[in-house]
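Visitor: Sharing a structure, written as structure tokens. Questions coming.
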Amino acid sequence: MNAKTSNRVKVALMLYDHMLSTSVSLPVEMLRAGEAFALRKNKLAKRLSIEMVGEDLSPVITRALIKLQPDFNIELASKPDFIFIPSLWRNPRPLLKRYPKMISWLKNMWLEGATLVGGGTGVCFMAESGVLNNHPATTHWHYVEQFKRDYPMVTLKPDFFITQSDRMYCAASLNALADIVVHIIHQTYGEEAAQHVERNFSHEIRKPYEEQRYLEGGVDRHPDELITQIQFWMRTNLSSTLSINKLANKFSISQRTFTRRFKAATGNTPLEYWKKVRLETAQELLASSNLSIQEVAFQIGFHDQANLTRLFKQTLKITPRSYRATVRKKLFTQQ
């Protein structure tokens with residue numbers, strides 16, 4: 001975050017109908033927790049000024065049927081340091097047509113120096129304003145293909161949960177949005193405050209922010225966009241029983257070409273990659289969930305626990321049960 005002459009961090013949260021209320025409440029509660037922790041340590045720490053902003057002052061109806069009242073309309077809202085753009089439950093297209101003034105305000109605020117944080121399909125507001133043109137972005141997996149058609153000038157990175165570019169953050173999910181908020185708390189209040197908030201709001205094991213994001217100017221994983229799409233599909237369909245041949249057919253490519261391009265792009269065959277992703281997911285579930293080992297096996301596409309045990313023994317030289325006991329001891333034993 002750029003240094004501010006003021007001792008306040010101004011945060012605006014856009015409100016519109018059919019948004020997910022958690023896309024607003026979670027960032028506010030996390031930011032407030034970071035602020036409270038910082039103020040306990042240092043009474044001169046930056047204070048938050050948080051405003052709910054609507055196109056007008058009419059209450060908005062969220063997906064949870066909770067009505068939220070804007071504090072200000074876009075004409076009277078303060079110039080913010082951060083703008084959070086909530087996710088939507090339904091197709092964003094009809095809603096975008098209802099909020100042209102808010103989309104224009106969003107662009108103007110970005111041009112004046114605000115940092116934008118879009119969650120899920122809320123990223124479409126950013127794309128509609130044009131600020132994402134020629135920049136990387138991500139969005140909810142269900143709207144990836146529609147997003148590509150609607151915004152061809154945006155460099156979509158569907159294999160990433162987070163993208164960061166020129167004061168613009170995009171999150172593919174609510175969990176990814178939480179990770180961005182932790183990152184902002186780190187930038188604003190320091191590492192100790194960020195760790196405190198993360199421990200209190202997210203007890204499960206999380207991947208580091210840097211590992212989940214696509215940073216503009218950084219090195220992409222590989223340049224083969226088709227293989228990136230297939231990787232994304234594989235990671236989000238771990239329980240699929242499709243054969244490699246049928247998977248190739250799904251993406252209109254021969255199995256031979258698919259295998260060759262996949263190996264060239266990733267260094268692994270499709271089967272090796274799928275096994276690797278399944279193993280990583282199983283490790284996360286064993287460490288951070290209360291699913292039984294049989295249920296974990298089902299989650300990653302194995303029909304029984306024996307196949308999962310075989311994979312762990314072949315790769316990690318340990319059983320899933322022993323792995324869970326070891327990693328949980330490391331995580332939760334009091335020091």
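Following the order of the structure tokens, first chain is A, next is B, and so on, with residues numbered from 1 inside each chain and ligands from 1 in the order they appear.
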Enumerate the residues of segment 21-197 of chain A with a DSSP assignment of alpha helix (DSSP H), computed from the backbone, and present them as a ChimeraX atom specification.

Guide: /A:22-41,93-98,100-111,123-129,144-150,174-189,191-197

Visitor: May I have the residues within 12 Å of segment 313-319 of chain A as an NGL selection string, using only C-alpha atoms and disregarding those fewer than 6 positions away in the same chain?

Guide: :A and (272 or 275-276 or 278-280 or 282-283 or 286 or 293 or 305-307 or 325-327)

Visitor: Write a file of the just-selected residues containing N, CA and C atoms, as a PDB file, in the first residue's frame.

Guide:
ATOM      1  N   GLU A 272       0.027 -38.048 -14.326  1.00  0.00           N
ATOM      2  CA  GLU A 272       0.933 -37.657 -13.244  1.00  0.00           C
ATOM      3  C   GLU A 272       0.435 -36.385 -12.564  1.00  0.00           C
ATOM      4  N   LYS A 275      -2.725 -37.070 -10.494  1.00  0.00           N
ATOM      5  CA  LYS A 275      -2.370 -37.760  -9.256  1.00  0.00           C
ATOM      6  C   LYS A 275      -1.743 -36.799  -8.254  1.00  0.00           C
ATOM      7  N   LYS A 276      -0.903 -35.900  -8.755  1.00  0.00           N
ATOM      8  CA  LYS A 276      -0.239 -34.922  -7.886  1.00  0.00           C
ATOM      9  C   LYS A 276      -1.254 -33.992  -7.241  1.00  0.00           C
ATOM     10  N   ARG A 278      -4.468 -34.521  -6.814  1.00  0.00           N
ATOM     11  CA  ARG A 278      -5.306 -35.299  -5.893  1.00  0.00           C
ATOM     12  C   ARG A 278      -4.584 -35.534  -4.570  1.00  0.00           C
ATOM     13  N   LEU A 279      -3.299 -35.830  -4.647  1.00  0.00           N
ATOM     14  CA  LEU A 279      -2.524 -36.039  -3.428  1.00  0.00           C
ATOM     15  C   LEU A 279      -2.462 -34.752  -2.598  1.00  0.00           C
ATOM     16  N   GLU A 280      -2.197 -33.619  -3.247  1.00  0.00           N
ATOM     17  CA  GLU A 280      -2.123 -32.338  -2.531  1.00  0.00           C
ATOM     18  C   GLU A 280      -3.451 -32.007  -1.866  1.00  0.00           C
ATOM     19  N   ALA A 282      -5.814 -34.170  -0.984  1.00  0.00           N
ATOM     20  CA  ALA A 282      -6.020 -35.115   0.117  1.00  0.00           C
ATOM     21  C   ALA A 282      -5.222 -34.689   1.347  1.00  0.00           C
ATOM     22  N   GLN A 283      -3.996 -34.223   1.147  1.00  0.00           N
ATOM     23  CA  GLN A 283      -3.177 -33.755   2.264  1.00  0.00           C
ATOM     24  C   GLN A 283      -3.853 -32.584   2.981  1.00  0.00           C
ATOM     25  N   LEU A 286      -6.993 -33.861   4.896  1.00  0.00           N
ATOM     26  CA  LEU A 286      -6.627 -34.622   6.093  1.00  0.00           C
ATOM     27  C   LEU A 286      -6.150 -33.700   7.203  1.00  0.00           C
ATOM     28  N   ILE A 293     -11.269 -40.656   6.450  1.00  0.00           N
ATOM     29  CA  ILE A 293     -10.336 -40.986   5.376  1.00  0.00           C
ATOM     30  C   ILE A 293     -11.093 -41.521   4.162  1.00  0.00           C
ATOM     31  N   GLN A 305     -10.999 -46.378   0.260  1.00  0.00           N
ATOM     32  CA  GLN A 305      -9.887 -45.889   1.070  1.00  0.00           C
ATOM     33  C   GLN A 305      -8.573 -46.557   0.676  1.00  0.00           C
ATOM     34  N   ALA A 306      -8.653 -47.794   0.191  1.00  0.00           N
ATOM     35  CA  ALA A 306      -7.434 -48.539  -0.143  1.00  0.00           C
ATOM     36  C   ALA A 306      -6.619 -47.832  -1.224  1.00  0.00           C
ATOM     37  N   ASN A 307      -7.306 -47.254  -2.226  1.00  0.00           N
ATOM     38  CA  ASN A 307      -6.585 -46.552  -3.290  1.00  0.00           C
ATOM     39  C   ASN A 307      -5.863 -45.328  -2.749  1.00  0.00           C
ATOM     40  N   ALA A 325      -2.271 -37.678  11.696  1.00  0.00           N
ATOM     41  CA  ALA A 325      -1.825 -37.574  13.081  1.00  0.00           C
ATOM     42  C   ALA A 325      -0.561 -36.730  13.194  1.00  0.00           C
ATOM     43  N   THR A 326       0.349 -36.903  12.251  1.00  0.00           N
ATOM     44  CA  THR A 326       1.620 -36.167  12.305  1.00  0.00           C
ATOM     45  C   THR A 326       1.424 -34.685  12.064  1.00  0.00           C
ATOM     46  N   VAL A 327       0.680 -34.333  10.994  1.00  0.00           N
ATOM     47  CA  VAL A 327       0.538 -32.929  10.645  1.00  0.00           C
ATOM     48  C   VAL A 327      -0.317 -32.182  11.671  1.00  0.00           C
TER      49      VAL A 327
END

Visitor: Measuring between only C-alpha atoms, which one of A:Asp179, A:Ile103, A:Thr188, A:Gln69 shows the shortest distance to Arg8 of chain A?

Guide: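 Result for the nearest residue to Arg8 of chain A: A:Thr188.
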
Visitor: Using only C-alpha atoms, pick whichever of A:Arg324, A:Thr309, A:Ser49, A:Ala38 has the shortest atom-to-atom distance to Gln294 of chain A.

Guide: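 Counting only C-alpha atoms, the residue closest to Gln294 of chain A is A:Thr309.
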
Visitor: Between atom CA of Lys46 of chain A and atom CA of Asn7 of chain A, what is the distance, to one decimal in Å?

Guide: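 Computing the Euclidean distance for atom CA of Lys46 of chain A and atom CA of Asn7 of chain A yields 4.9 Å.
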
Visitor: I'd like the contact shell of segment 107-118 of chain A - 6 Å cut-off, only C-alpha atoms, skipping same-chain residues fewer than 5 positions apart - returned as a list in words.

Guide: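 Listed by chain and then number, they are Pro80, Asp81, Phe82, Ile83, Phe84, Ile85, Val123, Ser129, Arg167, Met168, Tyr169 and Cys170 of chain A.
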
Visitor: Just checking: using only C-alpha atoms, which residue out of A:Met102, A:Ala36, A:Leu57, A:Val277 ends up closest to Met14 of chain A?

Guide: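 Counting only C-alpha atoms, the residue closest to Met14 of chain A is A:Met102.
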
Visitor: Near Asn133 of chain A, within 7 Å and counting only C-alpha atoms, which residues show up once chain neighbours fewer than 3 positions away are dropped, as a ChimeraX atom specification?

Guide: /A:130,153-154

Visitor: In Å, with one decimal, what is the gap from atom CA of Ala171 of chain A to atom CA of His183 of chain A?

Guide: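 One can read the atom CA of Ala171 of chain A to atom CA of His183 of chain A distance as 12.4 Å.
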
Visitor: Quick one: distance from atom CA of Val9 of chain A to atom CA of Ser23 of chain A in Å, one decimal?

Guide: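 Those two atoms sit 19.1 Å apart.
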
Visitor: Using DSSP on the backbone coordinates, identify all residues within segment 141-317 of chain A classified as strand (DSSP E); present the result as a list in words.

Guide: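 Listing strand (DSSP E) positions across segment 141-317 of chain A yields Thr155, Leu156, Ile162, Thr163, Gln164, Ser165, Met168, Tyr169, Cys170, Ala171, Arg213, Tyr214 and Leu215 of chain A.
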
Visitor: Restricting the calculation to only C-alpha atoms: of A:Ala287, A:Val182, A:Asn268, A:Lys250, which residue gets closest to Glu35 of chain A?

Guide: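 Result for the nearest residue to Glu35 of chain A: A:Val182.
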